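Listing of query_37.txt; format and content: compact mmCIF, C-alpha atoms and all ligand atoms.
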# COMPACT_ATOMS: atom_id res chain seq x y z
CA MET N 1 -34.64 -7.26 -43.00
CA ALA N 2 -31.28 -8.59 -44.27
CA ASP N 3 -28.19 -8.01 -42.16
CA ALA N 4 -25.83 -5.28 -43.42
CA LEU N 5 -23.18 -6.42 -40.99
CA GLN N 6 -22.50 -9.97 -39.87
CA VAL N 7 -19.76 -11.50 -37.75
CA ARG N 8 -19.40 -15.22 -37.00
CA ASN N 9 -17.08 -16.70 -34.36
CA LEU N 10 -14.58 -13.87 -34.71
CA CYS N 11 -11.28 -14.29 -32.87
CA PHE N 12 -8.42 -11.83 -32.85
CA SER N 13 -5.03 -11.73 -31.11
CA TRP N 14 -2.28 -9.14 -31.19
CA ALA N 15 1.25 -10.21 -32.15
CA ASN N 16 2.14 -10.53 -28.44
CA GLY N 17 -0.42 -13.35 -28.26
CA GLU N 18 -2.99 -11.45 -26.21
CA ASP N 19 -6.48 -12.72 -27.16
CA VAL N 20 -8.63 -9.63 -27.59
CA LEU N 21 -11.77 -11.03 -29.22
CA LYS N 22 -13.05 -14.48 -28.30
CA SER N 23 -15.50 -16.07 -30.72
CA CYS N 24 -17.73 -13.02 -31.18
CA THR N 25 -20.93 -13.44 -33.19
CA LEU N 26 -23.16 -10.47 -33.99
CA GLU N 27 -25.32 -9.00 -36.69
CA VAL N 28 -26.90 -5.63 -37.43
CA PRO N 29 -29.92 -5.52 -39.78
CA GLN N 30 -29.86 -3.02 -42.64
CA GLY N 31 -31.43 0.29 -41.67
CA GLU N 32 -30.68 -0.07 -37.94
CA PHE N 33 -28.52 1.94 -35.56
CA TRP N 34 -26.73 -0.22 -32.97
CA MET N 35 -24.26 0.67 -30.26
CA LEU N 36 -21.31 -1.21 -28.81
CA LEU N 37 -20.50 -0.80 -25.13
CA GLY N 38 -17.90 -2.23 -22.80
CA THR N 39 -15.29 -1.26 -20.25
CA ASN N 40 -11.89 0.13 -21.27
CA GLY N 41 -9.80 -2.43 -23.07
CA SER N 42 -12.69 -4.84 -23.70
CA GLY N 43 -11.94 -4.83 -27.46
CA LYS N 44 -14.49 -2.37 -28.93
CA SER N 45 -12.06 -0.43 -31.15
CA THR N 46 -10.38 -3.64 -32.23
CA LEU N 47 -13.75 -5.06 -33.30
CA LEU N 48 -14.58 -1.91 -35.26
CA ARG N 49 -11.20 -1.95 -37.00
CA LEU N 50 -11.73 -5.59 -37.97
CA LEU N 51 -15.16 -4.71 -39.41
CA ALA N 52 -13.56 -1.91 -41.44
CA GLY N 53 -10.92 -4.28 -42.81
CA LEU N 54 -8.11 -2.38 -41.06
CA LEU N 55 -7.07 -5.55 -39.16
CA THR N 56 -7.13 -9.22 -40.17
CA PRO N 57 -8.96 -11.76 -37.98
CA LYS N 58 -7.23 -14.79 -36.49
CA SER N 59 -10.33 -16.82 -37.36
CA GLY N 60 -14.02 -16.35 -38.04
CA GLU N 61 -16.08 -14.61 -40.69
CA ILE N 62 -16.90 -10.96 -41.31
CA ASN N 63 -19.43 -9.74 -43.88
CA VAL N 64 -20.08 -6.01 -44.14
CA MET N 65 -22.07 -4.39 -46.93
CA PRO N 66 -19.70 -2.06 -48.83
CA PRO N 67 -18.78 0.75 -48.97
CA VAL N 68 -17.96 1.20 -45.29
CA GLY N 69 -17.44 4.62 -43.71
CA PHE N 70 -15.32 4.95 -40.57
CA VAL N 71 -15.48 7.86 -38.11
CA PHE N 72 -12.66 8.17 -35.56
CA GLN N 73 -12.86 9.46 -32.01
CA ASN N 74 -10.61 12.41 -32.91
CA PRO N 75 -11.57 14.06 -36.23
CA ASP N 76 -8.12 15.66 -36.46
CA HIS N 77 -6.83 12.15 -37.20
CA GLN N 78 -9.08 11.90 -40.23
CA LEU N 79 -9.64 15.33 -41.83
CA VAL N 80 -6.69 16.03 -44.12
CA MET N 81 -7.63 18.95 -46.37
CA PRO N 82 -7.68 22.67 -45.52
CA THR N 83 -11.40 23.33 -46.05
CA VAL N 84 -14.69 21.53 -45.42
CA GLY N 85 -15.60 21.10 -49.11
CA ALA N 86 -12.09 20.03 -50.12
CA ASP N 87 -12.00 17.41 -47.39
CA VAL N 88 -15.27 15.80 -48.45
CA ALA N 89 -14.16 15.91 -52.12
CA PHE N 90 -10.81 14.33 -51.21
CA GLY N 91 -12.59 11.13 -50.26
CA LEU N 92 -13.85 10.86 -53.84
CA VAL N 93 -10.47 11.07 -55.63
CA GLU N 94 -10.40 7.36 -56.35
CA GLU N 95 -13.85 7.36 -57.93
CA LYS N 96 -13.97 8.22 -61.61
CA LEU N 97 -16.26 11.24 -61.32
CA SER N 98 -16.47 14.43 -63.36
CA PRO N 99 -15.89 17.74 -61.54
CA SER N 100 -19.62 18.47 -61.61
CA GLN N 101 -20.45 15.03 -60.18
CA VAL N 102 -17.93 15.67 -57.38
CA ARG N 103 -19.50 19.08 -56.66
CA HIS N 104 -22.94 17.51 -56.58
CA ARG N 105 -21.91 14.67 -54.24
CA VAL N 106 -20.09 17.08 -51.89
CA ALA N 107 -23.03 19.50 -51.74
CA GLU N 108 -25.51 16.69 -51.16
CA ALA N 109 -23.41 15.13 -48.37
CA LEU N 110 -22.83 18.48 -46.65
CA SER N 111 -26.57 19.25 -46.83
CA ALA N 112 -27.27 15.90 -45.18
CA VAL N 113 -25.26 16.99 -42.12
CA ASN N 114 -26.47 20.64 -42.26
CA LEU N 115 -23.04 22.03 -43.15
CA LEU N 116 -23.54 23.24 -46.71
CA GLU N 117 -23.14 26.86 -45.69
CA LEU N 118 -19.71 26.03 -44.21
CA GLN N 119 -18.37 24.45 -47.40
CA ARG N 120 -15.54 27.00 -47.76
CA ARG N 121 -14.68 27.25 -44.08
CA PRO N 122 -11.20 26.14 -42.98
CA ILE N 123 -11.21 22.94 -40.94
CA TYR N 124 -9.33 24.67 -38.10
CA ALA N 125 -12.24 27.08 -37.68
CA LEU N 126 -14.79 24.33 -36.91
CA SER N 127 -16.04 23.08 -33.57
CA GLY N 128 -15.43 19.46 -32.60
CA GLY N 129 -19.03 18.53 -33.45
CA GLN N 130 -18.80 20.23 -36.85
CA LYS N 131 -15.57 18.33 -37.57
CA GLN N 132 -17.30 15.05 -36.80
CA ARG N 133 -20.11 16.03 -39.17
CA VAL N 134 -17.53 16.69 -41.92
CA ALA N 135 -16.13 13.19 -41.33
CA ILE N 136 -19.67 11.76 -41.60
CA ALA N 137 -20.30 13.82 -44.76
CA GLY N 138 -17.18 12.21 -46.24
CA ALA N 139 -18.70 8.76 -45.67
CA ILE N 140 -22.03 9.89 -47.14
CA ALA N 141 -20.36 11.36 -50.23
CA ARG N 142 -18.70 7.98 -50.79
CA GLN N 143 -22.19 6.46 -50.58
CA SER N 144 -21.29 4.29 -47.58
CA GLU N 145 -23.97 1.77 -46.69
CA VAL N 146 -22.47 1.06 -43.27
CA LEU N 147 -21.12 3.64 -40.83
CA LEU N 148 -18.68 2.52 -38.13
CA LEU N 149 -18.19 5.22 -35.49
CA ASP N 150 -15.56 4.79 -32.78
CA GLU N 151 -16.55 6.97 -29.81
CA PRO N 152 -17.34 9.92 -32.09
CA THR N 153 -18.64 12.01 -29.17
CA ALA N 154 -15.78 11.37 -26.76
CA LEU N 155 -14.32 14.84 -27.28
CA LEU N 156 -17.64 16.72 -27.46
CA ASP N 157 -19.53 18.69 -24.84
CA PRO N 158 -22.92 17.23 -23.79
CA ASP N 159 -25.01 19.43 -26.16
CA SER N 160 -22.91 18.67 -29.25
CA GLN N 161 -22.80 15.02 -28.17
CA LEU N 162 -26.57 14.63 -28.24
CA ASP N 163 -26.87 16.71 -31.46
CA LEU N 164 -24.45 14.35 -33.19
CA VAL N 165 -26.10 11.14 -32.06
CA ALA N 166 -29.55 12.49 -33.03
CA GLN N 167 -28.20 13.50 -36.44
CA VAL N 168 -26.70 10.06 -37.09
CA LYS N 169 -30.00 8.46 -36.10
CA ARG N 170 -31.85 10.70 -38.59
CA LEU N 171 -29.35 9.87 -41.35
CA VAL N 172 -29.62 6.13 -40.69
CA LYS N 173 -33.42 6.23 -40.82
CA SER N 174 -33.84 8.64 -43.76
CA ARG N 175 -31.25 6.89 -45.96
CA ASN N 176 -31.69 3.30 -44.80
CA LEU N 177 -28.05 3.20 -43.67
CA THR N 178 -26.69 0.88 -41.00
CA ALA N 179 -24.54 2.14 -38.12
CA LEU N 180 -22.48 0.64 -35.32
CA TRP N 181 -21.43 3.28 -32.77
CA VAL N 182 -18.99 2.68 -29.91
CA THR N 183 -19.71 4.61 -26.74
CA HIS N 184 -19.21 4.85 -23.01
CA ARG N 185 -22.08 7.30 -22.61
CA LEU N 186 -25.26 5.62 -21.44
CA ASP N 187 -27.53 8.56 -22.40
CA GLU N 188 -26.69 7.84 -26.06
CA LEU N 189 -28.48 4.51 -25.75
CA ASN N 190 -31.78 6.43 -26.01
CA TYR N 191 -31.12 6.93 -29.73
CA CYS N 192 -30.30 3.41 -30.94
CA ASP N 193 -32.27 0.34 -32.00
CA GLY N 194 -30.14 -2.10 -30.06
CA ALA N 195 -26.81 -2.52 -28.31
CA PHE N 196 -24.05 -5.04 -27.69
CA LEU N 197 -22.04 -5.38 -24.51
CA LEU N 198 -18.45 -6.58 -24.83
CA GLU N 199 -16.51 -7.76 -21.78
CA LYS N 200 -12.92 -9.01 -21.94
CA GLY N 201 -13.36 -9.99 -25.58
CA PHE N 202 -16.68 -11.81 -25.11
CA LEU N 203 -20.03 -10.46 -26.29
CA VAL N 204 -21.93 -10.96 -23.05
CA ASP N 205 -25.24 -9.22 -23.76
CA ARG N 206 -27.20 -7.72 -26.65
CA GLY N 207 -30.62 -6.40 -27.50
CA ASP N 208 -32.98 -3.79 -26.12
CA PRO N 209 -31.02 -0.59 -25.35
CA LYS N 210 -33.31 0.37 -22.44
CA ARG N 211 -32.68 -2.95 -20.72
CA LEU N 212 -28.91 -2.64 -21.26
CA GLN N 213 -29.02 0.94 -20.01
CA GLN N 214 -30.70 -0.24 -16.79
CA ARG N 215 -28.21 -3.07 -16.37
CA LEU N 216 -25.23 -0.78 -16.85
CA MET N 217 -26.60 1.98 -14.63
CA GLN N 218 -26.93 -0.54 -11.82
CA VAL N 219 -23.39 -1.89 -12.11
CA GLY N 220 -21.78 1.33 -13.43
CA LEU N 221 -19.95 1.19 -16.77
CA ALA N 222 -16.29 2.05 -16.29
CA SER N 223 -15.28 4.82 -18.64
N1 LIG C 1 -1.84 -1.95 -31.60
C1 LIG C 1 -1.96 -2.72 -30.51
N2 LIG C 1 -1.01 -3.64 -30.18
C2 LIG C 1 -1.15 -4.45 -29.10
N3 LIG C 1 -2.21 -4.41 -28.26
C3 LIG C 1 -3.19 -3.52 -28.53
C4 LIG C 1 -3.12 -2.63 -29.66
N4 LIG C 1 -4.23 -1.85 -29.67
C5 LIG C 1 -4.97 -2.24 -28.59
N5 LIG C 1 -4.35 -3.24 -27.92
C6 LIG C 1 -4.86 -3.95 -26.73
O1 LIG C 1 -6.06 -4.62 -27.11
C7 LIG C 1 -7.01 -4.60 -26.04
C8 LIG C 1 -8.33 -4.04 -26.56
O2 LIG C 1 -8.12 -2.67 -26.94
P1 LIG C 1 -9.28 -1.82 -27.61
O3 LIG C 1 -8.69 -0.48 -27.94
O4 LIG C 1 -9.93 -2.58 -28.68
O5 LIG C 1 -10.31 -1.68 -26.39
P2 LIG C 1 -11.55 -0.69 -26.23
O6 LIG C 1 -12.66 -1.52 -25.68
O7 LIG C 1 -11.80 0.04 -27.50
O8 LIG C 1 -11.02 0.30 -25.11
P3 LIG C 1 -11.35 1.86 -24.83
O9 LIG C 1 -12.75 1.89 -24.32
O10 LIG C 1 -10.34 2.24 -23.80
O11 LIG C 1 -11.16 2.59 -26.13
C9 LIG C 1 -6.37 -3.79 -24.93
O12 LIG C 1 -5.79 -4.70 -24.00
C10 LIG C 1 -5.29 -2.99 -25.63
O13 LIG C 1 -4.23 -2.71 -24.76
Mind turning the file's structure into structure tokens?
Amino acid sequence: MADALQVRNLCFSWANGEDVLKSCTLEVPQGEFWMLLGTNGSGKSTLLRLLAGLLTPKSGEINVMPPVGFVFQNPDHQLVMPTVGADVAFGLVEEKLSPSQVRHRVAEALSAVNLLELQRRPIYALSGGQKQRVAIAGAIARQSEVLLLDEPTALLDPDSQLDLVAQVKRLVKSRNLTALWVTHRLDELNYCDGAFLLEKGFLVDRGDPKRLQQRLMQVGLAS
């Protein structure tokens, strides 16, 4: 399977000169769900922002299959419209679509995350997990091939957390999407195809999630 996401020798420094990513190389095959783990400050969010094109690398190569959908830790930083349906439609304003095409895309994306019946609900009246699903529906409506999710369950209770990760896994598999999901929660590793471990800007391990789960349970992953 071809890679939907590829990074070669990626280096990044902030303006203060701090090296955050040190020659990182990774790839995620199309249709797979991978996770990115690491202690606080190891560079996970920075890597995700580079993949989304929100930051510019110091050196190295990034290839990500477009369009890319990004899901933030806090959905209140991303949902901008008053209702569920309006928010998902807002993401389509730059595409030249007729009103009926927009309605169709919004309905299809909300069905994919089981929120169609909440289309007219105000955003403020949603739970945290429902808000994250609206953010994911936005990416699906824009027909994103790659989903980048930066600790999307950090603000969720354990039940909503596992519902969300299971739902993203189903979406990835049923639509042949590709996802990279940042987490501190080791139980989420049960849902992915593989995982990367980032330490102080170096990718120090990768591969079978069960093996990484064991390794991290033994040493304890700081969160
Ligand atoms: N805008 C910024 N300007 C300067 N330094 C930054 C900026 N954002 C992050 N950093 C620094 O970059 C390093 C990596 O931060 P990053 O947020 O990528 O880590 P992380 O692994 O996602 O951490 P966490 O698990 O706490 O979210 C940290 O030392 C952080 O202080």
Two-atom distance - CA of Val20 in chain N, atom C8 of ligand LIG 1 (chain C) (Å) = 5.7 Å
Report the distance between CA of Leu197 in chain N and CA of Leu177 in chain N in Å, rounded to one decimal place.
->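 Calculated distance between CA of Leu197 in chain N and CA of Leu177 in chain N is 21.8 Å.
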Which neighbours of range 92-104 of chain N fall inside 9 Å, counting all atoms listed in the file, when residues of the same chain fewer than 4 positions from it are skipped, and could you give them as a PyMOL selection string?
-> chain N and resi 85+88+108-109+138+141-142
Any idea what the distance is between CA of Pro75 in chain N and CA of Val182 in chain N?
-> 15.0 Å
Which one of N:Asp163, N:Asp157, N:Asp150, N:Asp208 sits closest to ligand LIG 1 (chain C) if you count all atoms listed in the file?
-> N:Asp150
Adding 4 Å on each side of the box along x, y and z that holds all listed atoms of range 54-73 of chain N, could you give its centre and edge lengths in Å to one decimal, as AutoDock Vina command-line options?
--center_x -14.6 --center_y -3.7 --center_z -40.5 --size_x 23.0 --size_y 34.3 --size_z 25.0
For Asp76 in chain N, the nearest of the candidates N:Leu162, N:Val134, N:Leu21, N:Leu26, counting all atoms listed in the file |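 For Asp76 in chain N, the nearest of the given residues is N:Val134.
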Selection as a PyMOL selection string: residues within 9 Å of ligand LIG 1 (chain C) by all atoms listed in the file | chain N and resi 13-21+37-49+150-151+182-184+198-201+222-223
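With only C-alpha atoms as the atoms that count, the minimum distance from Ile62 in chain N to the choices N:Ser160, N:Ser23, N:Ser127, N:Thr153 is reached by N:Ser23.
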Go through N:Gly31, N:Gly60, N:Pro158, N:Gly69 and flag the residue nearest Asn9 in chain N, using all atoms listed in the file for the distances.
-> N:Gly60
With all atoms listed in the file as the basis for distance, which of N:Ile140, N:Leu156, N:Leu164, N:Ala195 is at the shortest distance from Glu27 in chain N?
->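 Of the candidates, the smallest distance to Glu27 in chain N is held by N:Ala195.
Proximity to Lys131 in chain N was assessed for N:Asp159, N:Asp87, N:Glu117, N:Glu61 counting only C-alpha atoms; the smallest distance is recorded for N:Asp87.
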Name all residues at most 12 Å from Leu189 in chain N (count all atoms listed in the file; drop same-chain ones fewer than 2 positions away) and give them as an mmCIF file with C-alpha atoms, keeping the file's coordinate frame.
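Contents of selection.cif, freshly written:
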data_model
loop_
_atom_site.group_PDB
_atom_site.id
_atom_site.type_symbol
_atom_site.label_atom_id
_atom_site.label_comp_id
_atom_site.auth_asym_id
_atom_site.auth_seq_id
_atom_site.Cartn_x
_atom_site.Cartn_y
_atom_site.Cartn_z
ATOM 1 C CA PHE N 33 -28.520 1.940 -35.560
ATOM 2 C CA TRP N 34 -26.730 -0.220 -32.970
ATOM 3 C CA MET N 35 -24.260 0.670 -30.260
ATOM 4 C CA LEU N 36 -21.310 -1.210 -28.810
ATOM 5 C CA LEU N 37 -20.500 -0.800 -25.130
ATOM 6 C CA LEU N 162 -26.570 14.630 -28.240
ATOM 7 C CA VAL N 165 -26.100 11.140 -32.060
ATOM 8 C CA ALA N 166 -29.550 12.490 -33.030
ATOM 9 C CA LYS N 169 -30.000 8.460 -36.100
ATOM 10 C CA LEU N 180 -22.480 0.640 -35.320
ATOM 11 C CA TRP N 181 -21.430 3.280 -32.770
ATOM 12 C CA VAL N 182 -18.990 2.680 -29.910
ATOM 13 C CA THR N 183 -19.710 4.610 -26.740
ATOM 14 C CA HIS N 184 -19.210 4.850 -23.010
ATOM 15 C CA ARG N 185 -22.080 7.300 -22.610
ATOM 16 C CA LEU N 186 -25.260 5.620 -21.440
ATOM 17 C CA ASP N 187 -27.530 8.560 -22.400
ATOM 18 C CA TYR N 191 -31.120 6.930 -29.730
ATOM 19 C CA CYS N 192 -30.300 3.410 -30.940
ATOM 20 C CA ASP N 193 -32.270 0.340 -32.000
ATOM 21 C CA GLY N 194 -30.140 -2.100 -30.060
ATOM 22 C CA ALA N 195 -26.810 -2.520 -28.310
ATOM 23 C CA PHE N 196 -24.050 -5.040 -27.690
ATOM 24 C CA LEU N 197 -22.040 -5.380 -24.510
ATOM 25 C CA GLY N 207 -30.620 -6.400 -27.500
ATOM 26 C CA ASP N 208 -32.980 -3.790 -26.120
ATOM 27 C CA PRO N 209 -31.020 -0.590 -25.350
ATOM 28 C CA LYS N 210 -33.310 0.370 -22.440
ATOM 29 C CA ARG N 211 -32.680 -2.950 -20.720
ATOM 30 C CA LEU N 212 -28.910 -2.640 -21.260
ATOM 31 C CA GLN N 213 -29.020 0.940 -20.010
ATOM 32 C CA GLN N 214 -30.700 -0.240 -16.790
ATOM 33 C CA LEU N 216 -25.230 -0.780 -16.850
ATOM 34 C CA MET N 217 -26.600 1.980 -14.630
#
Could you give me, as a Markdown table, a per-residue list for range 124-223 of chain N showing, wherever an atom lies at most 8 Å from an atom of range 63-66 of chain N, the closest pair of atoms and their distance in Å to one decimal, using only C-alpha atoms and sorting by chain then residue number from low to high?
| residue | atom | partner | partner_atom | distance |
| --- | --- | --- | --- | --- |
| N:Ser144 | CA | N:Pro66 | CA | 6.7 |
| N:Glu145 | CA | N:Pro66 | CA | 6.1 |
| N:Val146 | CA | N:Met65 | CA | 6.6 |
Dump as an NGL selection string all residues having an atom at most 7 Å from (-10.1, -13.5, -38.7), computed in the file's coordinates with all atoms listed in the file.
-> :N and (10-12 or 56-61)
Thr83 in chain N: which residues within 7 Å, counting all atoms listed in the file, same-chain residues fewer than 5 positions away excluded, as a ChimeraX atom specification?
-> /N:120-123
